[in-house]
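In what follows, a structure is listed as structure tokens, so that the remarks can point back to it.
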Amino acid sequence: MQASEPPAPDMNEVVGRDDLLLLTLDTLRHDVAVELAAAGRLPNLTAHLPGGTWEKRHAPGNFTYASHQAMFAGFLPTPAAPGPHPRLFAGRFAGSETTAGRTFVFDTPDLVTALAGHGYRTVCVGGVGFFNKQGALGNVLPGLFQESHWAPEFSVASPTSFEAQVACAERIVAGLPAEQRLFLFLNASALHQPNWFHLPGATREAGDGPETHAAALEYIDRHIGRLFAAMRSRRRCFAIVCSDHGTAYGDDGYTGHRLGHESVWTVPYAHFFLEPSA
Ligand SMILES: [Zn+2]
């Protein structure tokens with residue numbers, strides 16, 4: 001096991017006992033995330049990251065749809081060092097070399113359905129277009145969940161997307177009976193292009209770049225405490241925070257994602273417990 005890899009909890013104990021949060025910071029680059037954490041620019045996130053920093057991982061897909069389909073099947077980003085690396089969640093699969101004693105193994109095609117079968121209320125708070133519930137494709141990923149939410153103010157075009165998403169999560173948690181376990185998935189759209197409006201003084205004409213990307217991550221950090229507070233308000237919560245893929249800003253001539261470049265494949269990852277507030 002790589003030194004930077006946090007010890008894996010026994011997911012067979014976690015599932016059924018704790019609430020679960022999967023927060024994907026869509027499009028977040030690993031290098032920007034690590035730089036900001038080291039510079040003290042993410043105080044609310046780094047307070048929870050093991051060792052105060054992000055783990056370096058490889059994305060399971062190079063764009064939102066591919067990566068989330070893989071994650072919902074149990075293939076979270078892989079530690080960026082030679083493996084094998086045991087997984088937290090895995091569909092039962094003869095010959096799987098990454099299923100270990102601490103892995104929560106399920107018989108359904110996807111983790112979301114498996115958690116529903118274990119008594120969880122499964123809720124999706126969407127962000128980028130693949131979660132917008134507009135048209136057939138935009139319903140595939142939200143359709144895995146018992147309950148899904150999306151509104152234009154959650155979208156990539158909204159300068160207040162994360163605040164609106166967190167407010168939605170707060171309403172979901174407040175509406176649940178105390179004994180009801182919750183699996184909340186939230187896809188934060190703020191980092192995805194366009195993100196220039198998160199940097200004071202930036203312009204639409206100058207567009208997005210590493211600095212506006214960083215400003216979008218600082219924006220998320222300013223509001224993430226409210227999400228964590230909601231998720232730990234009823235019981236302990238096991239949280240996974242990661243990116244689904246990065247993006248290129250002219251790196252080696254590449255721009256965007258859905259392409260095979262280091263800036264896209266390398267993502268920040270963390271998992272940790274949020275202890276109950278009461
Ligand atoms: Zn994405």
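By convention here, the chains of the structure tokens are called A, B, ... in the order presented, each chain's residues are numbered starting at 1, and ligands are numbered starting at 1 in the order presented.
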
Check every protein, DNA and RNA residue against ligand 1, keep those with an atom at most 9 Å away (counting only C-alpha atoms and all ligand atoms), and present them as a short mmCIF file (atom, residue, chain, number, x, y, z; two decimals) with C-alpha atoms, in the first residue's frame.
data_model
loop_
_atom_site.label_atom_id
_atom_site.label_comp_id
_atom_site.auth_asym_id
_atom_site.auth_seq_id
_atom_site.Cartn_x
_atom_site.Cartn_y
_atom_site.Cartn_z
CA THR A 24 -17.90 14.58 -7.31
CA LEU A 25 -16.19 17.90 -7.96
CA ASP A 26 -16.74 17.67 -11.69
CA THR A 27 -13.67 18.43 -13.83
CA LEU A 28 -11.37 19.33 -10.89
CA ASN A 62 -12.17 10.79 -19.20
CA PHE A 63 -15.56 12.51 -19.21
CA THR A 64 -18.59 12.71 -16.93
CA TYR A 65 -20.78 9.95 -18.33
CA ALA A 66 -18.07 7.29 -18.58
CA SER A 67 -16.55 8.12 -15.23
CA HIS A 68 -19.82 8.17 -13.28
CA VAL A 128 -23.56 19.11 -15.24
CA PHE A 130 -25.56 14.41 -17.82
CA ASN A 187 -22.26 16.39 -8.69
CA SER A 189 -20.78 21.74 -11.53
CA HIS A 192 -16.71 22.72 -15.25
CA SER A 243 -13.12 14.50 -9.29
CA ASP A 244 -14.54 12.47 -12.17
CA HIS A 245 -11.83 13.68 -14.60
CA GLY A 246 -9.67 16.75 -15.02
CA HIS A 257 -11.58 16.62 -21.60
#

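Those residues that approach Ala178 in chain A to within 10 Å, counting only C-alpha atoms, are A:Val173, A:Ala174, A:Gly175, A:Arg181, A:Ser233, A:Arg234, A:Arg235; same-chain residues fewer than 3 positions away are not listed.
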
In range 37-73 of chain A, DSSP strand (DSSP E or B) residues written as a ChimeraX atom specification: /A:55-58

CA of Glu147 in chain A to CA of Thr108 in chain A, distance in Å rounded to a single decimal: 18.3 Å

Near-Thr78 in chain A list (9 Å; only C-alpha atoms; drop same-chain fewer than 2 positions) as a list in words: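 My reading of the contact set: Lys56, Arg57, His58, Ala59, Pro60, Phe75, Leu76, Ala80, Ala81, Gly83, His85 and Arg87 of chain A.
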
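For the set A:Gly119, A:Gly129, A:Gly40, A:Gly207, the residue with the smallest atom-to-atom gap to Gln146 in chain A is A:Gly119, counting only C-alpha atoms.
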
Close residues, Leu111 in chain A itself excluded, 7 Å, only C-alpha atoms, min 4 positions apart in chain, as a ChimeraX atom specification: /A:72-74,115

Sel. of alpha helix (DSSP H) residues, range 22-228 of chain A, as a PyMOL selection string: chain A and resi 30-38+43-46+64-72+111-117+137-140+161-174+210-228

Residue nearest Arg41 in chain A - candidates A:Ala214, A:Val267, A:Leu259, A:Cys242, atoms counted: only C-alpha atoms: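 Closest residue, counting only C-alpha atoms: A:Ala214.
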
Contacts of Gly52 in chain A within 12 Å, only C-alpha atoms, excl. fewer than 2 positions in-chain, as a PyMOL selection string: chain A and resi 4+6+33-50+54-55+269-272
